[in-house]
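> The structure's right below; bear with me while I get my questions together.
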Amino acid sequence: MKLPLIITTTAAMVPLQAQASIQSPNLLPTPPMGFNNWARFMCELNETLFIDTADAMASNGLLAAGYNWMNLDDCWMTHQRAPNGSLMWNTTKFPHGLPWLGEYVKAKGFRFGIYEDAGNLTCGGYPGSLGYEELDARTFADWGVEYLKLDGCNVVPDNGRTSQQQYRHLYGLWHRILSGMSHPLVFSESAPAYFANAKSLSDWYRVMDWVPQYGELARHSNDILVYAGEGSAWDSIMVNYHFNTLVARYQRPGYYNDPDFLIPDHPGLTMDEKKSQFALWASFSAPLIISAYIPGLYKEDIKFLTNRDLIEVDQDPLAQQATLASRDGVVDVLTRSLVDGSRLVTVLNTGNSSVQRDISLRWLGLDPEQRYRARNLWDGTDEDIQRGIAVTLNPHATDVYKITVLDGRVEAIPTGIVFNTASGNCLTEYEDTVQFKPCTGGERQIWQVRGPEISPLSGSLECLATNGTHAFLAPCANNRAQMWSYQVSGNLKSELNGHCLTEGNGIASCGSELDSQVFGLPSGVKQ
């Protein structure tokens, strides 16, 4: 089953609606937390499963920690619509009916969500909503549903549209319907997932450009590995982690990139791997939707899933997605700012052996001459630090620290790698020139963004510059040749002539979502 700042350029062409999530983010001001059956149970869902899950979450601390969505996935319905065209629940699976189930979970303190498909069939072969969009939206509202996950199986282009245009048409239609309701449903979009694995990412970028205008979250890439699936659960987590690092520029309050479900009871995961998924998703301010047999979770699972400090990071009102400060092929360092003025640093060991690293404060955009306090968010211990943090990580483990100063807010400069999201190569300083090379760590590949100027840590008195045809480094002089703007499309555009930084060509005319011109930049860079 394939479930898979300021807006400028491409996204600006999308018609804005009164309920567009990033324009009016109050519908979902922080990413959702809760339960979905799919990755653990797939089509084996029923009333008893959701009653038992709600009861367990209400008693084991998950609901109190913020996991308050109870969402049905595919296969909840009958294979035929009613004579009046409306959807019907499977009465064998749900003998009391979905309105009754919704009332049951709401009485416990949960909210109620459901699944449908934008095509003529769901991924499981049940009736899709094509041609029935308004009727289905009214039906869901009448049942007490507050959240719609809209998949994209069996979407077929028509009326001369391309595939990307057809998805945009259908999801735009749903956006208009939901926005016109007196109580709009939270809208989870799966459209981008159907474009994420193409040889060229251009159509994927184009879809990602409009989903923040239409809904509150979007499944952007592969399904997380299901409980009964073949393959490595950790590899699946890393694939979705990778895709999430490519789309940080889209996220802001009201819209959240969704790398899919947490799978804490998957038998293929070690405890370090389970905790890493949770820590990375929290660092991204991603949705925290658990797909597991909740009544059977171990106390150790409940403990990390209810870690108050990491949930506060996930639910931080800034909704900044952590971005890559450094990447050396084994260890990824991510950072972001939090609303209380602190700085987050997340360190992931992607390798199969234990590692030790010293994480420089300069990599995080901080002053190495300043003294800071770092709190380990796993165990709550504090350490006074200067110049850096020393970490030791087991294979596939992740540490997370919150950095503060004793008085006031941490003053951080947006700092990190500048990488091409298609090739994965890093912008690299090399003897007053710049090249794109595999990311290997070090300050030749870490950049600070001070307003329109971009400087490597290895030469902070030099700035990225262009003469109109080439990109290079020159002494910072505050002129137009050294001024760049970052677009929501991922382009780095020169103020000198409006051309774009381009891997392979240095500088070239800006194209439409070209693989060679889409870059990831540090969190906090204004668009």
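Chain labels A, B, ... are given in the sequence in which chains occur in the structure tokens; within each chain residues are numbered consecutively from 1, and ligands are likewise numbered from 1 in the order shown.
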Do a neighbour search on range 401-407 of chain A at 12 Å with only C-alpha atoms, toss out local chain neighbours closer than 5 positions, and write the hits as a ChimeraX atom specification.
/A:279,283,309-310,312-313,333-348,359,361,364-367,370-386,388-391,412
> Residues at most 10 Å from Leu185 in chain A, counting only C-alpha atoms, excluding those fewer than 4 positions away in the same chain, as a list in words?
Leu27, Leu28, Gly113, Ala137, Phe140, Ala141, Val145, Glu146, Tyr147, Leu148, Lys149, His175, Ile177, Leu178, Ser179, Met181, Gly215 and Glu216 of chain A
> Could you turn the residues from that selection into a file that holds N, CA, C and O atoms, as a CSV table (one decimal), in the first residue's frame?

```
chain,number,residue,atom,x,y,z
A,27,LEU,N,-6.1,25.9,13.2
A,27,LEU,CA,-6.7,24.6,13.1
A,27,LEU,C,-5.8,23.5,13.7
A,27,LEU,O,-6.3,22.6,14.4
A,28,LEU,N,-4.5,23.6,13.5
A,28,LEU,CA,-3.6,22.6,14.0
A,28,LEU,C,-2.3,23.4,14.3
A,28,LEU,O,-1.3,23.3,13.6
A,113,GLY,N,-10.3,10.5,14.0
A,113,GLY,CA,-9.9,10.7,12.6
A,113,GLY,C,-10.2,9.5,11.7
A,113,GLY,O,-10.4,8.4,12.2
A,137,ALA,N,-17.4,14.3,2.8
A,137,ALA,CA,-17.0,15.3,3.8
A,137,ALA,C,-18.2,15.6,4.8
A,137,ALA,O,-18.0,15.6,6.0
A,140,PHE,N,-18.5,12.4,7.0
A,140,PHE,CA,-17.5,12.4,8.1
A,140,PHE,C,-17.9,13.3,9.2
A,140,PHE,O,-17.8,13.0,10.4
A,141,ALA,N,-18.3,14.5,8.8
A,141,ALA,CA,-18.6,15.5,9.8
A,141,ALA,C,-19.8,15.1,10.7
A,141,ALA,O,-19.8,15.2,11.9
A,145,VAL,N,-16.2,13.0,12.9
A,145,VAL,CA,-14.8,12.9,12.5
A,145,VAL,C,-14.2,14.3,12.4
A,145,VAL,O,-14.9,15.3,12.0
A,146,GLU,N,-13.0,14.5,12.9
A,146,GLU,CA,-12.3,15.8,12.9
A,146,GLU,C,-11.0,15.8,12.1
A,146,GLU,O,-10.3,16.9,12.1
A,147,TYR,N,-10.6,14.7,11.5
A,147,TYR,CA,-9.3,14.6,10.9
A,147,TYR,C,-9.5,13.6,9.7
A,147,TYR,O,-10.0,12.5,9.8
A,148,LEU,N,-9.0,14.0,8.5
A,148,LEU,CA,-9.1,13.2,7.3
A,148,LEU,C,-7.7,13.0,6.8
A,148,LEU,O,-7.0,13.9,6.4
A,149,LYS,N,-7.3,11.7,6.7
A,149,LYS,CA,-6.1,11.3,6.0
A,149,LYS,C,-6.6,10.9,4.6
A,149,LYS,O,-7.3,9.9,4.4
A,175,HIS,N,-9.6,20.6,-0.3
A,175,HIS,CA,-9.3,21.8,0.5
A,175,HIS,C,-10.4,22.8,0.5
A,175,HIS,O,-10.8,23.3,1.5
A,177,ILE,N,-13.6,22.2,-0.1
A,177,ILE,CA,-14.7,21.7,0.6
A,177,ILE,C,-14.5,21.8,2.1
A,177,ILE,O,-15.4,22.2,2.8
A,178,LEU,N,-13.4,21.3,2.6
A,178,LEU,CA,-13.1,21.3,4.0
A,178,LEU,C,-13.0,22.7,4.6
A,178,LEU,O,-13.5,23.0,5.7
A,179,SER,N,-12.5,23.6,3.8
A,179,SER,CA,-12.3,25.0,4.2
A,179,SER,C,-13.7,25.7,4.3
A,179,SER,O,-13.9,26.6,5.1
A,181,MET,N,-16.4,24.3,5.4
A,181,MET,CA,-17.2,23.7,6.5
A,181,MET,C,-17.2,24.6,7.7
A,181,MET,O,-16.2,25.3,8.0
A,215,GLY,N,-3.4,21.9,3.2
A,215,GLY,CA,-3.7,21.0,4.4
A,215,GLY,C,-2.7,21.3,5.5
A,215,GLY,O,-1.8,22.1,5.4
A,216,GLU,N,-2.9,20.5,6.6
A,216,GLU,CA,-2.1,20.8,7.8
A,216,GLU,C,-0.9,19.9,7.9
A,216,GLU,O,0.0,20.2,8.7
```
> Expressed in Å to a single decimal, how great is the separation between CA of Gly329 in chain A and CA of Leu246 in chain A?
16.4 Å
> Could you name the residues that touch Gly97 in chain A at 10 Å or less, counting only C-alpha atoms, but leaving out those on the same chain fewer than 6 positions away, as a list in words?
Glu47, Met88, Trp89, Asn90, Thr91 and Trp143 of chain A
> How many Å lie between CA of Ala118 in chain A and CA of Thr245 in chain A, rounded to one decimal?
26.8 Å
> What lies within 12 Å of Ile446 in chain A using only C-alpha atoms, ignoring chain neighbours under 3 positions off, as a ChimeraX atom specification?
/A:324-328,333-334,360,362-365,414-419,426-429,439-443,449,454-460,521-522
> Identify which of the residues A:Phe436, A:Leu280, A:Ser512, A:Val525 lies closest to Gln448 in chain A, counting only C-alpha atoms when measuring atom-to-atom distances.
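With only C-alpha atoms as the atom set, the closest residue is A:Val525.
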> Using backbone DSSP assignments, extract all strand (DSSP E or B) residues from range 376-506 of chain A; output them as a ChimeraX atom specification.
/A:376,382-385,388-393,398-404,415-416,419-420,426-430,433-437,447-450,453-456,462-466,471-475,484-486,492-494,500-502,506
> Fewer than 4 positions away in the same chain doesn't count, so skip those; otherwise give me all residues within 10 Å of Ala286 in chain A, counting only C-alpha atoms, as number ranges by chain.
A: 30-33, 217, 244, 251, 255-261, 278, 280-282, 314-315, 319-321
> Give me, as a list in words, all polymer residues having an atom no more than 7 Å from Ile237 in chain A, counting only C-alpha atoms and skipping those fewer than 3 positions away in the same chain.
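Here the answer would be Ile224, Ala233, Trp234, Asn240, Tyr241 and Gln277 of chain A.
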> Put those residues in a file: N, CA, C and O atoms, as an mmCIF file, in the first residue's frame.

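Result file out00.cif:
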```
data_model
loop_
_atom_site.group_PDB
_atom_site.id
_atom_site.type_symbol
_atom_site.label_atom_id
_atom_site.label_comp_id
_atom_site.auth_asym_id
_atom_site.auth_seq_id
_atom_site.Cartn_x
_atom_site.Cartn_y
_atom_site.Cartn_z
ATOM 1 N N ILE A 224 6.278 3.777 6.176
ATOM 2 C CA ILE A 224 7.155 3.115 7.129
ATOM 3 C C ILE A 224 6.881 1.616 7.013
ATOM 4 O O ILE A 224 5.767 1.198 6.680
ATOM 5 N N ALA A 233 13.384 -2.681 9.423
ATOM 6 C CA ALA A 233 12.613 -1.558 9.961
ATOM 7 C C ALA A 233 13.503 -0.331 10.142
ATOM 8 O O ALA A 233 13.071 0.804 9.909
ATOM 9 N N TRP A 234 14.761 -0.535 10.581
ATOM 10 C CA TRP A 234 15.661 0.602 10.748
ATOM 11 C C TRP A 234 15.951 1.271 9.406
ATOM 12 O O TRP A 234 15.944 2.501 9.307
ATOM 13 N N ASN A 240 12.831 7.367 5.479
ATOM 14 C CA ASN A 240 11.892 8.458 5.744
ATOM 15 C C ASN A 240 12.573 9.632 6.432
ATOM 16 O O ASN A 240 12.222 10.799 6.186
ATOM 17 N N TYR A 241 13.537 9.339 7.295
ATOM 18 C CA TYR A 241 14.362 10.406 7.878
ATOM 19 C C TYR A 241 15.058 11.199 6.769
ATOM 20 O O TYR A 241 15.053 12.445 6.774
ATOM 21 N N GLN A 277 14.139 6.935 16.478
ATOM 22 C CA GLN A 277 13.024 7.394 15.652
ATOM 23 C C GLN A 277 12.218 8.458 16.382
ATOM 24 O O GLN A 277 11.892 9.511 15.814
#
```
> Which residue is closest to Gln213 in chain A? Choose from A:Ser276, A:Gln23, A:Thr323, A:Gln527 and count only C-alpha atoms.
A:Gln23
> I want to know what sits within 12 Å of Gly511 in chain A, based on only C-alpha atoms, with residues of the same chain fewer than 5 positions away left out; could you give that as an MDAnalysis selection string?
chainID A and resid 9:10 202 489:493 498:502 516:518
> What does the distance between CA of Glu230 in chain A and CA of Thr53 in chain A come to in Å, to one decimal place?
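A separation of 25.6 Å between them.
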> So which one's closest to Ile290 in chain A, A:Arg138, A:His266, A:Arg308, A:Arg387? Using only C-alpha atoms, please.
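Going through A:Arg138, A:His266, A:Arg308, A:Arg387 one by one, the smallest distance to Ile290 in chain A is for A:His266.
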> Using only C-alpha atoms for the distances, tell me which of A:Pro253, A:Pro287, A:Gly231, A:Gly351 is nearest to Ile311 in chain A.
A:Pro287
> Using DSSP assignments from the backbone, pull out every residue in range 21-262 of chain A that falls under helix (DSSP H, G or I) and give it to me as an NGL selection string.
:A and (25-27 or 38-41 or 47-60 or 62-65 or 98-108 or 133-142 or 163-179 or 191-194 or 202-214 or 233-245 or 248-250)
> How would the residues just picked look written out with C-alpha atoms as a compact mmCIF listing (two decimals), in the first residue's frame?

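Produced file again_4.txt, reproduced below:
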```txt
# COMPACT_ATOMS: atom_id res chain seq x y z
CA PRO A 25 -2.69 27.94 11.51
CA ASN A 26 -5.11 27.79 14.44
CA LEU A 27 -6.74 24.62 13.13
CA TRP A 38 -2.08 0.82 9.68
CA ALA A 39 1.62 -0.01 10.18
CA ARG A 40 0.85 -2.48 12.99
CA PHE A 41 -2.47 -4.03 11.95
CA GLU A 47 -14.09 -1.75 17.15
CA THR A 48 -12.44 -3.80 19.87
CA LEU A 49 -8.95 -2.74 18.77
CA PHE A 50 -9.83 0.94 19.07
CA ILE A 51 -11.67 0.53 22.38
CA ASP A 52 -8.75 -1.38 23.89
CA THR A 53 -6.27 1.11 22.48
CA ALA A 54 -8.16 4.12 23.81
CA ASP A 55 -8.53 2.49 27.23
CA ALA A 56 -4.81 1.65 27.37
CA MET A 57 -3.69 5.12 26.27
CA ALA A 58 -5.96 6.72 28.84
CA SER A 59 -4.42 4.63 31.61
CA ASN A 60 -0.73 4.30 30.67
CA LEU A 62 0.07 8.36 26.56
CA LEU A 63 -3.14 10.41 26.47
CA ALA A 64 -1.94 12.62 29.32
CA ALA A 65 1.34 13.16 27.41
CA LEU A 98 -18.43 4.72 13.72
CA PRO A 99 -20.46 7.57 15.29
CA TRP A 100 -20.70 5.45 18.44
CA LEU A 101 -16.96 4.71 18.36
CA GLY A 102 -16.23 8.40 17.89
CA GLU A 103 -18.33 9.24 20.93
CA TYR A 104 -16.60 6.53 22.95
CA VAL A 105 -13.07 7.79 22.28
CA LYS A 106 -14.13 11.42 22.73
CA ALA A 107 -15.56 10.58 26.15
CA LYS A 108 -12.07 9.33 27.03
CA GLU A 133 -16.15 14.53 -2.23
CA GLU A 134 -18.84 16.82 -0.81
CA LEU A 135 -21.06 13.94 0.27
CA ASP A 136 -18.18 12.16 2.01
CA ALA A 137 -17.04 15.32 3.77
CA ARG A 138 -20.57 15.87 5.14
CA THR A 139 -20.79 12.22 6.13
CA PHE A 140 -17.53 12.36 8.06
CA ALA A 141 -18.61 15.53 9.84
CA ASP A 142 -21.96 13.95 10.75
CA SER A 163 -0.47 13.30 -13.02
CA GLN A 164 0.84 16.12 -10.80
CA GLN A 165 -1.91 18.45 -12.01
CA GLN A 166 -4.58 15.82 -11.29
CA TYR A 167 -3.41 15.35 -7.71
CA ARG A 168 -3.37 19.11 -7.25
CA HIS A 169 -6.88 19.38 -8.70
CA LEU A 170 -8.31 16.71 -6.41
CA TYR A 171 -6.54 17.80 -3.24
CA GLY A 172 -7.41 21.40 -4.04
CA LEU A 173 -11.05 20.37 -4.37
CA TRP A 174 -10.94 18.71 -0.96
CA HIS A 175 -9.25 21.79 0.47
CA ARG A 176 -12.05 24.03 -0.79
CA ILE A 177 -14.72 21.69 0.59
CA LEU A 178 -13.10 21.31 4.00
CA SER A 179 -12.34 25.03 4.22
CA ALA A 191 -0.15 13.29 -2.58
CA PRO A 192 3.62 13.95 -2.36
CA ALA A 193 4.34 10.29 -1.55
CA TYR A 194 3.41 9.32 -5.10
CA SER A 202 11.04 17.95 -9.96
CA ASP A 203 7.39 16.82 -9.79
CA TRP A 204 7.84 15.93 -6.12
CA TYR A 205 9.07 19.47 -5.45
CA ARG A 206 6.11 20.90 -7.38
CA VAL A 207 3.66 18.91 -5.28
CA MET A 208 5.44 19.90 -2.08
CA ASP A 209 5.11 23.53 -3.14
CA TRP A 210 1.32 23.45 -2.88
CA VAL A 211 0.53 21.00 -0.08
CA PRO A 212 1.24 23.54 2.72
CA GLN A 213 -1.47 25.72 1.18
CA TYR A 214 -4.08 22.96 1.14
CA ALA A 233 12.61 -1.56 9.96
CA TRP A 234 15.66 0.60 10.75
CA ASP A 235 16.45 1.06 7.05
CA SER A 236 12.83 2.09 6.51
CA ILE A 237 13.09 4.68 9.29
CA MET A 238 16.31 6.03 7.76
CA VAL A 239 14.70 6.33 4.31
CA ASN A 240 11.89 8.46 5.74
CA TYR A 241 14.36 10.41 7.88
CA HIS A 242 16.35 11.16 4.71
CA PHE A 243 13.29 12.42 2.82
CA ASN A 244 12.30 14.61 5.75
CA THR A 245 15.70 16.35 5.73
CA ALA A 248 12.47 21.52 5.94
CA ARG A 249 11.88 24.74 4.01
CA TYR A 250 8.15 24.02 3.73
```
> Between A:Pro295, A:Ser188, A:Gly254, A:Glu513, which one has atoms that come closest to Ile22 in chain A, using only C-alpha atoms?
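The shortest atom-to-atom distance to Ile22 in chain A comes from A:Gly254.
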